[in-house]
>>> print(open('data_19.txt').read())   # compact mmCIF, C-alpha atoms and all ligand atoms
# COMPACT_ATOMS: atom_id res chain seq x y z
CA MET A 1 -18.31 24.02 56.52
CA LYS A 2 -15.15 22.05 57.25
CA LYS A 3 -16.88 18.96 55.82
CA LEU A 4 -17.77 20.82 52.59
CA THR A 5 -14.19 22.11 52.19
CA TYR A 6 -12.96 18.54 52.68
CA LEU A 7 -15.45 17.24 50.10
CA ILE A 8 -14.43 19.88 47.53
CA ALA A 9 -10.76 19.06 48.14
CA VAL A 10 -11.46 15.36 47.62
CA ILE A 11 -13.32 16.08 44.35
CA ILE A 12 -10.48 18.32 43.05
CA ILE A 13 -7.78 15.82 44.01
CA THR A 14 -9.78 12.93 42.51
CA SER A 15 -10.39 14.76 39.23
CA CYS A 16 -6.70 15.77 39.02
CA THR A 17 -5.64 12.20 39.66
CA GLN A 18 -8.01 10.98 36.94
CA ARG A 19 -6.63 13.59 34.57
CA ASN A 20 -3.12 12.52 35.48
CA ILE A 21 -4.00 8.95 34.58
CA GLU A 22 -5.24 10.03 31.14
CA THR A 23 -2.63 12.68 30.38
CA PRO A 24 0.53 10.57 30.14
CA SER A 25 -0.90 8.15 27.53
CA SER A 26 -2.22 10.91 25.26
CA PHE A 27 1.04 12.81 25.72
CA ASP A 28 3.07 9.74 24.75
CA PHE A 29 0.89 9.33 21.66
CA LEU A 30 1.58 12.92 20.51
CA GLU A 31 5.26 12.60 21.34
CA MET A 32 5.47 9.40 19.31
CA PHE A 33 3.93 11.05 16.24
CA GLN A 34 6.29 14.03 16.53
CA LYS A 35 9.22 11.61 16.34
CA VAL A 36 7.89 9.87 13.26
CA GLN A 37 8.92 10.58 9.68
CA TRP A 38 6.29 9.81 7.03
CA VAL A 39 7.18 8.42 3.59
CA ASP A 40 4.58 8.51 0.82
CA LEU A 41 4.72 5.29 -1.23
CA THR A 42 2.05 6.56 -3.66
CA HIS A 43 2.30 7.88 -7.24
CA SER A 44 0.07 10.89 -8.05
CA PHE A 45 -2.89 10.24 -10.35
CA ASP A 46 -2.81 12.20 -13.62
CA GLU A 47 -2.95 11.69 -17.39
CA ASN A 48 0.36 9.72 -17.21
CA THR A 49 -0.82 7.23 -14.60
CA VAL A 50 0.10 3.64 -15.51
CA TYR A 51 -2.84 1.38 -16.40
CA TRP A 52 -2.95 -2.13 -17.80
CA PRO A 53 -2.59 -1.77 -21.60
CA THR A 54 -6.22 -2.81 -22.19
CA ASN A 55 -7.63 -0.41 -19.56
CA VAL A 56 -8.86 3.16 -19.94
CA SER A 57 -6.66 5.97 -18.57
CA PHE A 58 -7.43 8.21 -15.60
CA THR A 59 -9.39 11.36 -16.45
CA HIS A 60 -9.66 14.53 -14.39
CA ASP A 61 -11.77 17.29 -15.93
CA THR A 62 -12.66 20.76 -14.80
CA VAL A 63 -16.24 21.38 -13.70
CA SER A 64 -15.58 24.89 -12.31
CA TYR A 65 -12.44 26.97 -11.88
CA GLY A 66 -12.26 30.67 -11.11
CA LEU A 67 -13.92 33.64 -9.47
CA THR A 68 -17.67 33.26 -8.99
CA ASP A 69 -20.15 36.10 -9.56
CA LYS A 70 -20.33 36.38 -5.74
CA GLY A 71 -16.64 37.26 -5.57
CA TYR A 72 -15.10 34.08 -4.12
CA PHE A 73 -12.86 31.56 -5.80
CA TYR A 74 -14.28 28.10 -6.46
CA SER A 75 -12.78 25.00 -8.08
CA SER A 76 -14.23 21.55 -8.62
CA PHE A 77 -13.29 18.65 -10.90
CA LYS A 78 -14.62 15.25 -11.84
CA TYR A 79 -12.53 12.15 -12.34
CA SER A 80 -12.93 8.62 -13.63
CA ALA A 81 -10.64 5.65 -13.23
CA GLU A 82 -10.41 1.90 -13.59
CA GLU A 83 -9.99 0.20 -10.20
CA HIS A 84 -6.65 -1.40 -11.11
CA GLY A 85 -4.32 1.40 -12.21
CA GLY A 86 -1.67 3.65 -10.72
CA THR A 87 -0.84 2.96 -7.08
CA HIS A 88 -3.71 0.67 -6.22
CA PHE A 89 -5.09 -2.01 -3.94
CA ASP A 90 -6.33 -5.48 -4.87
CA ALA A 91 -9.05 -6.88 -2.60
CA PRO A 92 -9.19 -10.69 -2.22
CA ILE A 93 -12.26 -10.89 -4.51
CA HIS A 94 -10.09 -9.71 -7.42
CA PHE A 95 -9.07 -13.33 -8.12
CA SER A 96 -11.12 -15.38 -5.64
CA ALA A 97 -14.92 -15.73 -5.70
CA ASN A 98 -16.83 -14.95 -2.49
CA LYS A 99 -13.80 -13.39 -0.81
CA ASN A 100 -13.81 -9.87 0.66
CA THR A 101 -14.63 -6.84 -1.44
CA ILE A 102 -12.83 -3.64 -0.44
CA GLU A 103 -15.26 -2.33 2.17
CA LYS A 104 -15.22 -5.73 3.93
CA VAL A 105 -11.45 -5.89 4.40
CA PRO A 106 -11.03 -5.07 8.12
CA LEU A 107 -9.00 -1.98 9.05
CA SER A 108 -6.77 -4.25 11.15
CA LYS A 109 -5.53 -5.84 7.89
CA LEU A 110 -4.62 -2.52 6.28
CA LYS A 111 -1.60 -1.87 8.47
CA GLY A 112 1.40 -3.67 9.88
CA PRO A 113 5.15 -3.67 10.39
CA GLY A 114 6.98 -3.09 7.12
CA VAL A 115 9.24 -5.80 5.72
CA VAL A 116 11.20 -4.36 2.79
CA VAL A 117 12.89 -6.97 0.61
CA ASN A 118 15.43 -5.51 -1.82
CA VAL A 119 15.81 -7.59 -4.99
CA SER A 120 16.78 -4.63 -7.20
CA GLU A 121 20.27 -5.87 -8.05
CA LYS A 122 18.90 -9.03 -9.69
CA ALA A 123 15.59 -7.60 -10.95
CA LEU A 124 17.09 -4.60 -12.77
CA LYS A 125 19.22 -7.03 -14.82
CA ASP A 126 16.26 -9.28 -15.66
CA PRO A 127 12.82 -7.83 -16.51
CA ASP A 128 11.31 -11.32 -16.14
CA TYR A 129 12.76 -11.76 -12.64
CA LEU A 130 10.67 -13.91 -10.27
CA ILE A 131 11.01 -13.00 -6.59
CA SER A 132 11.93 -16.25 -4.84
CA VAL A 133 11.57 -17.92 -1.44
CA GLU A 134 15.33 -17.46 -1.14
CA ASP A 135 14.91 -13.67 -1.37
CA PHE A 136 12.68 -13.78 1.72
CA GLU A 137 14.98 -16.24 3.50
CA THR A 138 17.90 -13.87 2.86
CA TRP A 139 15.91 -11.06 4.54
CA GLU A 140 15.10 -13.35 7.47
CA ALA A 141 18.75 -14.36 7.90
CA ARG A 142 19.51 -10.67 8.53
CA HIS A 143 16.43 -9.56 10.48
CA GLY A 144 14.70 -12.63 11.93
CA GLN A 145 11.42 -14.22 10.89
CA ILE A 146 8.90 -12.04 9.03
CA PRO A 147 6.59 -10.91 11.87
CA ASP A 148 2.90 -11.83 12.06
CA GLY A 149 0.71 -9.16 10.50
CA ALA A 150 3.57 -7.77 8.38
CA ILE A 151 3.10 -5.76 5.23
CA VAL A 152 5.76 -7.14 2.87
CA LEU A 153 7.06 -4.67 0.26
CA VAL A 154 9.41 -5.84 -2.49
CA TYR A 155 11.78 -3.24 -3.91
CA THR A 156 12.61 -4.21 -7.49
CA GLY A 157 13.98 -0.78 -8.50
CA TYR A 158 11.41 -0.46 -11.33
CA GLY A 159 9.59 2.44 -9.61
CA GLN A 160 12.18 4.84 -11.10
CA TYR A 161 10.90 3.89 -14.60
CA TYR A 162 7.23 4.62 -13.85
CA HIS A 163 6.97 7.27 -16.60
CA ASP A 164 8.96 5.25 -19.16
CA SER A 165 6.61 2.58 -20.56
CA GLU A 166 9.32 0.74 -22.45
CA LYS A 167 11.31 0.16 -19.25
CA TYR A 168 8.44 -0.06 -16.76
CA LEU A 169 6.04 -2.27 -18.72
CA GLY A 170 8.50 -3.67 -21.27
CA THR A 171 6.65 -2.10 -24.21
CA ASN A 172 5.40 1.19 -25.59
CA LEU A 173 2.44 -0.55 -27.22
CA THR A 174 -1.10 -0.14 -25.90
CA GLY A 175 -4.20 -2.30 -26.30
CA PRO A 176 -4.39 -6.12 -26.56
CA GLU A 177 -1.24 -6.37 -28.72
CA ALA A 178 0.78 -4.93 -25.80
CA VAL A 179 -0.13 -7.76 -23.41
CA PRO A 180 2.22 -10.47 -24.84
CA GLU A 181 5.04 -7.90 -24.80
CA LEU A 182 4.82 -7.09 -21.06
CA HIS A 183 8.07 -7.64 -19.17
CA PHE A 184 8.53 -6.68 -15.51
CA PRO A 185 9.40 -8.61 -12.34
CA GLY A 186 6.84 -10.25 -10.07
CA LEU A 187 6.49 -12.82 -7.30
CA SER A 188 7.07 -16.52 -8.04
CA ALA A 189 4.23 -18.97 -7.35
CA GLU A 190 6.52 -20.83 -4.91
CA ALA A 191 7.15 -17.64 -2.94
CA ALA A 192 3.40 -16.85 -2.87
CA LYS A 193 2.72 -20.35 -1.49
CA TRP A 194 5.53 -20.02 1.06
CA LEU A 195 4.27 -16.64 2.30
CA THR A 196 0.69 -17.90 2.67
CA GLU A 197 1.54 -21.31 4.16
CA LYS A 198 4.61 -20.62 6.29
CA ARG A 199 4.14 -16.99 7.33
CA ASN A 200 1.20 -14.92 8.57
CA ILE A 201 1.32 -11.61 6.72
CA HIS A 202 -1.43 -9.04 6.06
CA GLY A 203 -0.46 -8.05 2.54
CA ILE A 204 2.24 -7.66 -0.06
CA GLY A 205 3.15 -4.92 -2.51
CA LEU A 206 5.81 -3.96 -5.03
CA ASP A 207 7.00 -1.22 -7.39
CA THR A 208 5.89 -2.90 -10.64
CA PRO A 209 2.47 -2.93 -12.40
CA SER A 210 1.46 -6.36 -11.05
CA ILE A 211 2.35 -8.91 -8.36
CA ASP A 212 2.41 -11.49 -11.22
CA TYR A 213 5.36 -10.89 -13.54
CA GLY A 214 4.70 -9.40 -16.98
CA GLN A 215 4.83 -12.70 -18.84
CA SER A 216 2.28 -14.45 -16.59
CA LYS A 217 -0.64 -15.98 -18.46
CA ASP A 218 -2.64 -17.36 -15.52
CA PHE A 219 -2.01 -14.78 -12.76
CA ILE A 220 -1.31 -17.68 -10.43
CA VAL A 221 0.22 -15.44 -7.74
CA HIS A 222 -2.92 -13.28 -7.62
CA GLN A 223 -4.95 -16.51 -7.31
CA ILE A 224 -2.87 -17.87 -4.43
CA LEU A 225 -2.76 -14.59 -2.48
CA CYS A 226 -6.47 -13.79 -2.99
CA ASP A 227 -7.52 -17.36 -2.08
CA ASN A 228 -5.69 -16.78 1.21
CA ASN A 229 -7.39 -13.41 1.86
CA LEU A 230 -4.21 -11.36 1.45
CA THR A 231 -4.30 -7.83 0.05
CA ILE A 232 -2.00 -6.66 -2.76
CA TYR A 233 -0.50 -3.22 -3.51
CA GLU A 234 0.82 -2.51 -7.00
CA ASN A 235 2.68 0.40 -8.65
CA ILE A 236 4.00 1.65 -5.33
CA THR A 237 7.08 3.88 -5.11
CA ASN A 238 9.79 5.34 -2.86
CA LEU A 239 10.71 1.94 -1.38
CA GLU A 240 14.40 2.91 -1.51
CA LYS A 241 13.59 5.43 1.26
CA LEU A 242 12.59 2.72 3.73
CA PRO A 243 14.80 0.64 6.00
CA GLU A 244 14.60 -3.14 5.45
CA LYS A 245 13.11 -3.41 8.94
CA GLY A 246 11.65 -0.88 11.37
CA SER A 247 8.96 0.93 9.37
CA TYR A 248 5.22 0.71 9.94
CA ILE A 249 2.91 0.67 6.92
CA ILE A 250 -0.63 1.99 6.53
CA ALA A 251 -2.40 1.13 3.24
CA LEU A 252 -5.83 2.76 2.84
CA PRO A 253 -7.73 2.19 -0.43
CA MET A 254 -10.76 4.21 -1.52
CA LYS A 255 -13.68 2.43 0.18
CA ILE A 256 -15.59 1.35 -2.93
CA LYS A 257 -18.53 -0.84 -1.91
CA GLY A 258 -18.32 -4.11 -3.81
CA GLY A 259 -14.95 -3.06 -5.26
CA SER A 260 -12.29 -5.54 -6.41
CA GLY A 261 -9.61 -2.85 -6.32
CA ALA A 262 -9.18 0.89 -5.83
CA PRO A 263 -6.74 3.79 -5.84
CA LEU A 264 -4.57 3.45 -2.76
CA ARG A 265 -2.81 5.92 -0.47
CA ILE A 266 -0.03 3.92 1.10
CA VAL A 267 2.38 5.50 3.60
CA ALA A 268 5.20 4.37 5.85
CA MET A 269 6.13 5.65 9.30
CA ILE A 270 9.78 5.58 10.32
CA TYR A 271 11.13 6.62 13.70
CA LYS A 272 13.54 9.54 13.26
ZN ZN A 301 -4.65 -4.77 -9.24
>>> encode(input="data_19.txt", output="structure tokens")
Amino acid sequence: MKKLTYLIAVIIITSCTQRNIETPSSFDFLEMFQKVQWVDLTHSFDENTVYWPTNVSFTHDTVSYGLTDKGYFYSSFKYSAEEHGGTHFDAPIHFSANKNTIEKVPLSKLKGPGVVVNVSEKALKDPDYLISVEDFETWEARHGQIPDGAIVLVYTGYGQYYHDSEKYLGTNLTGPEAVPELHFPGLSAEAAKWLTEKRNIHGIGLDTPSIDYGQSKDFIVHQILCDNNLTIYENITNLEKLPEKGSYIIALPMKIKGGSGAPLRIVAMIYK
């Protein structure tokens, strides 16, 4: 009997000890999330969502809405969208043959420490502004080298104009005649090369319609970034709410098999 009591005591103590080993880590995890503030960097999708002038707009139509004959409420809608519109994700295959389609981009590449580069003072004065190597070097002079696996987000200030085509895209025109009239800032080819050759980032995004500036004819920045397996986030917003350093970014596109791009929910975590 004494032996059995001893055995039971050992089992209880052992199981408590095991629980104690597990409890602190899960507790820390919960505590960490309670201390985090989330910032949504995503525009809502609706009839005013920004698309390339030659693309078709987002549609969202009612299938059912109201009280059913069984007495409960039921709503359901259907939507259609081009891959590359609104807040969206570019997979490497967008401009580089045989590179990853959306579902093949590993989850590990869809997150990383946020590096927020503020070029708004210069970009708001010049709709054809090209984000330069110097802009990134200025950030590094203040915060140290861009960390490996970073998600780089460039704040141009154009997100505030999202619903004003003339200011956001540079034109109110739509269709093919709008394309030569596009004016908005983007990344320079030199900066794209520098980021891919000298740094080791996961992806880059900005608050304009494209990572190539509006007047680009060859989309060279898309080519360079996609050739190097980077992911791109366009038409993002709320970057003014992030610190230049210290956020953590999660960028999850709709998992379209074979997709070259998709609507994106991109969020930032900041410690309170
Ligand atoms: Zn795109």
>>> residues_near_ligand(input="data_19.txt", ligand="ligand ZN 301 (chain A)", cutoff="7 Å", atoms="all atoms listed in the file", output="ChimeraX atom specification")
/A:84-85,88-90,210,234,261
>>> closest_atom_pairs(input="data_19.txt", of="stretch 41-124 of chain A", to="stretch 235-241 of chain A", cutoff="9 Å", atoms="only C-alpha atoms", output="Markdown table")
| residue | atom | partner | partner_atom | distance |
| --- | --- | --- | --- | --- |
| A:Leu41 | CA | A:Thr237 | CA | 4.8 |
| A:Thr42 | CA | A:Ile236 | CA | 5.5 |
| A:His43 | CA | A:Thr237 | CA | 6.6 |
| A:Val50 | CA | A:Asn235 | CA | 8.0 |
| A:Gly85 | CA | A:Asn235 | CA | 7.9 |
| A:Gly86 | CA | A:Asn235 | CA | 5.8 |
| A:Thr87 | CA | A:Asn235 | CA | 4.6 |
| A:His88 | CA | A:Asn235 | CA | 6.8 |
| A:Val116 | CA | A:Leu239 | CA | 7.6 |
| A:Asn118 | CA | A:Glu240 | CA | 8.5 |
>>> atom_distance(input="data_19.txt", atom1="atom CA of A:Val179", atom2="atom CA of A:Gly203")
26.0 Å
>>> atom_distance(input="data_19.txt", atom1="atom CA of A:Phe77", atom2="atom CA of A:Ser260")
24.6 Å
>>> residues_around(input="data_19.txt", residues="stretch 120-130 of chain A", least_positions_apart="4", cutoff="6 Å", atoms="all atoms listed in the file", output="VMD selection string")
chain A and resid 156 to 157 183 to 188
>>> atom_distance(input="data_19.txt", atom1="atom CA of A:Phe45", atom2="atom CA of A:Arg265")
10.8 Å
>>> closest_residue(input="data_19.txt", among="A:Val119, A:Ile102, A:Leu195, A:Leu182", to="A:Gln145", atoms="all atoms listed in the file")
A:Leu195
>>> residues_around(input="data_19.txt", residues="A:Pro113", least_positions_apart="3", cutoff="10 Å", atoms="all atoms listed in the file", output="ChimeraX atom specification")
/A:116,146-152,201-202,245-250,268-269
>>> closest_residue(input="data_19.txt", among="A:Ser216, A:Asn98, A:Ser44, A:Gln223", to="A:Leu264", atoms="all atoms listed in the file")
A:Ser44
>>> closest_residue(input="data_19.txt", among="A:Ile224, A:Leu110, A:Val63, A:Val267", to="A:Phe95", atoms="all atoms listed in the file")
A:Ile224
>>> axis_aligned_box(input="data_19.txt", around="stretch 103-108 of chain A", padding_each_side="3 Å", output="lines of an AutoDock Vina configuration file")
center_x = -11.0
center_y = -3.9
center_z = 6.7
size_x = 14.5
size_y = 9.9
size_z = 15.0
>>> closest_residue(input="data_19.txt", among="A:Ala91, A:Val115, A:Leu242, A:Met32", to="A:Asn229", atoms="all atoms listed in the file")
A:Ala91
>>> residues_around(input="data_19.txt", residues="A:Ala189", least_positions_apart="5", cutoff="12 Å", atoms="all atoms listed in the file", output="number ranges by chain")
A: 130-133, 194-196, 211-213, 216, 218-225
>>> residues_around(input="data_19.txt", residues="A:Ser96", least_positions_apart="3", cutoff="7 Å", atoms="only C-alpha atoms", output="number ranges by chain")
A: 92-93, 99, 223, 226-227
>>> decode(input="data_19.txt", residues="stretch 210-226 of chain A", atoms="N, CA and C atoms", output="short mmCIF file (atom, residue, chain, number, x, y, z; two decimals), in the first residue's frame")
data_model
loop_
_atom_site.label_atom_id
_atom_site.label_comp_id
_atom_site.auth_asym_id
_atom_site.auth_seq_id
_atom_site.Cartn_x
_atom_site.Cartn_y
_atom_site.Cartn_z
N SER A 210 1.56 50.55 -57.83
CA SER A 210 2.54 49.62 -58.40
C SER A 210 3.93 49.90 -57.84
N ILE A 211 4.74 48.87 -57.72
CA ILE A 211 6.12 49.05 -57.25
C ILE A 211 6.96 49.75 -58.33
N ASP A 212 6.56 49.63 -59.62
CA ASP A 212 7.16 50.45 -60.69
C ASP A 212 6.40 51.76 -60.76
N TYR A 213 7.10 52.87 -60.91
CA TYR A 213 6.40 54.16 -60.94
C TYR A 213 5.47 54.25 -62.15
N GLY A 214 4.54 55.21 -62.08
CA GLY A 214 3.47 55.29 -63.09
C GLY A 214 3.94 55.37 -64.51
N GLN A 215 5.09 56.03 -64.73
CA GLN A 215 5.57 56.25 -66.09
C GLN A 215 6.42 55.08 -66.62
N SER A 216 6.58 54.03 -65.85
CA SER A 216 7.40 52.90 -66.31
C SER A 216 6.78 52.26 -67.55
N LYS A 217 7.67 51.90 -68.49
CA LYS A 217 7.18 51.23 -69.70
C LYS A 217 7.59 49.75 -69.72
N ASP A 218 8.61 49.40 -68.92
CA ASP A 218 9.12 48.02 -68.98
C ASP A 218 8.96 47.26 -67.66
N PHE A 219 8.43 47.91 -66.65
CA PHE A 219 8.22 47.27 -65.33
C PHE A 219 9.49 46.57 -64.85
N ILE A 220 10.60 47.28 -65.01
CA ILE A 220 11.91 46.70 -64.71
C ILE A 220 12.05 46.31 -63.23
N VAL A 221 11.40 47.09 -62.35
CA VAL A 221 11.51 46.77 -60.91
C VAL A 221 10.77 45.46 -60.60
N HIS A 222 9.59 45.30 -61.18
CA HIS A 222 8.89 44.00 -61.04
C HIS A 222 9.80 42.87 -61.54
N GLN A 223 10.44 43.09 -62.69
CA GLN A 223 11.30 42.03 -63.26
C GLN A 223 12.42 41.65 -62.30
N ILE A 224 13.09 42.68 -61.76
CA ILE A 224 14.24 42.42 -60.87
C ILE A 224 13.78 41.70 -59.60
N LEU A 225 12.72 42.20 -58.99
CA LEU A 225 12.26 41.62 -57.71
C LEU A 225 11.74 40.19 -57.93
N CYS A 226 10.96 39.99 -58.99
CA CYS A 226 10.39 38.64 -59.25
C CYS A 226 11.50 37.66 -59.63
#
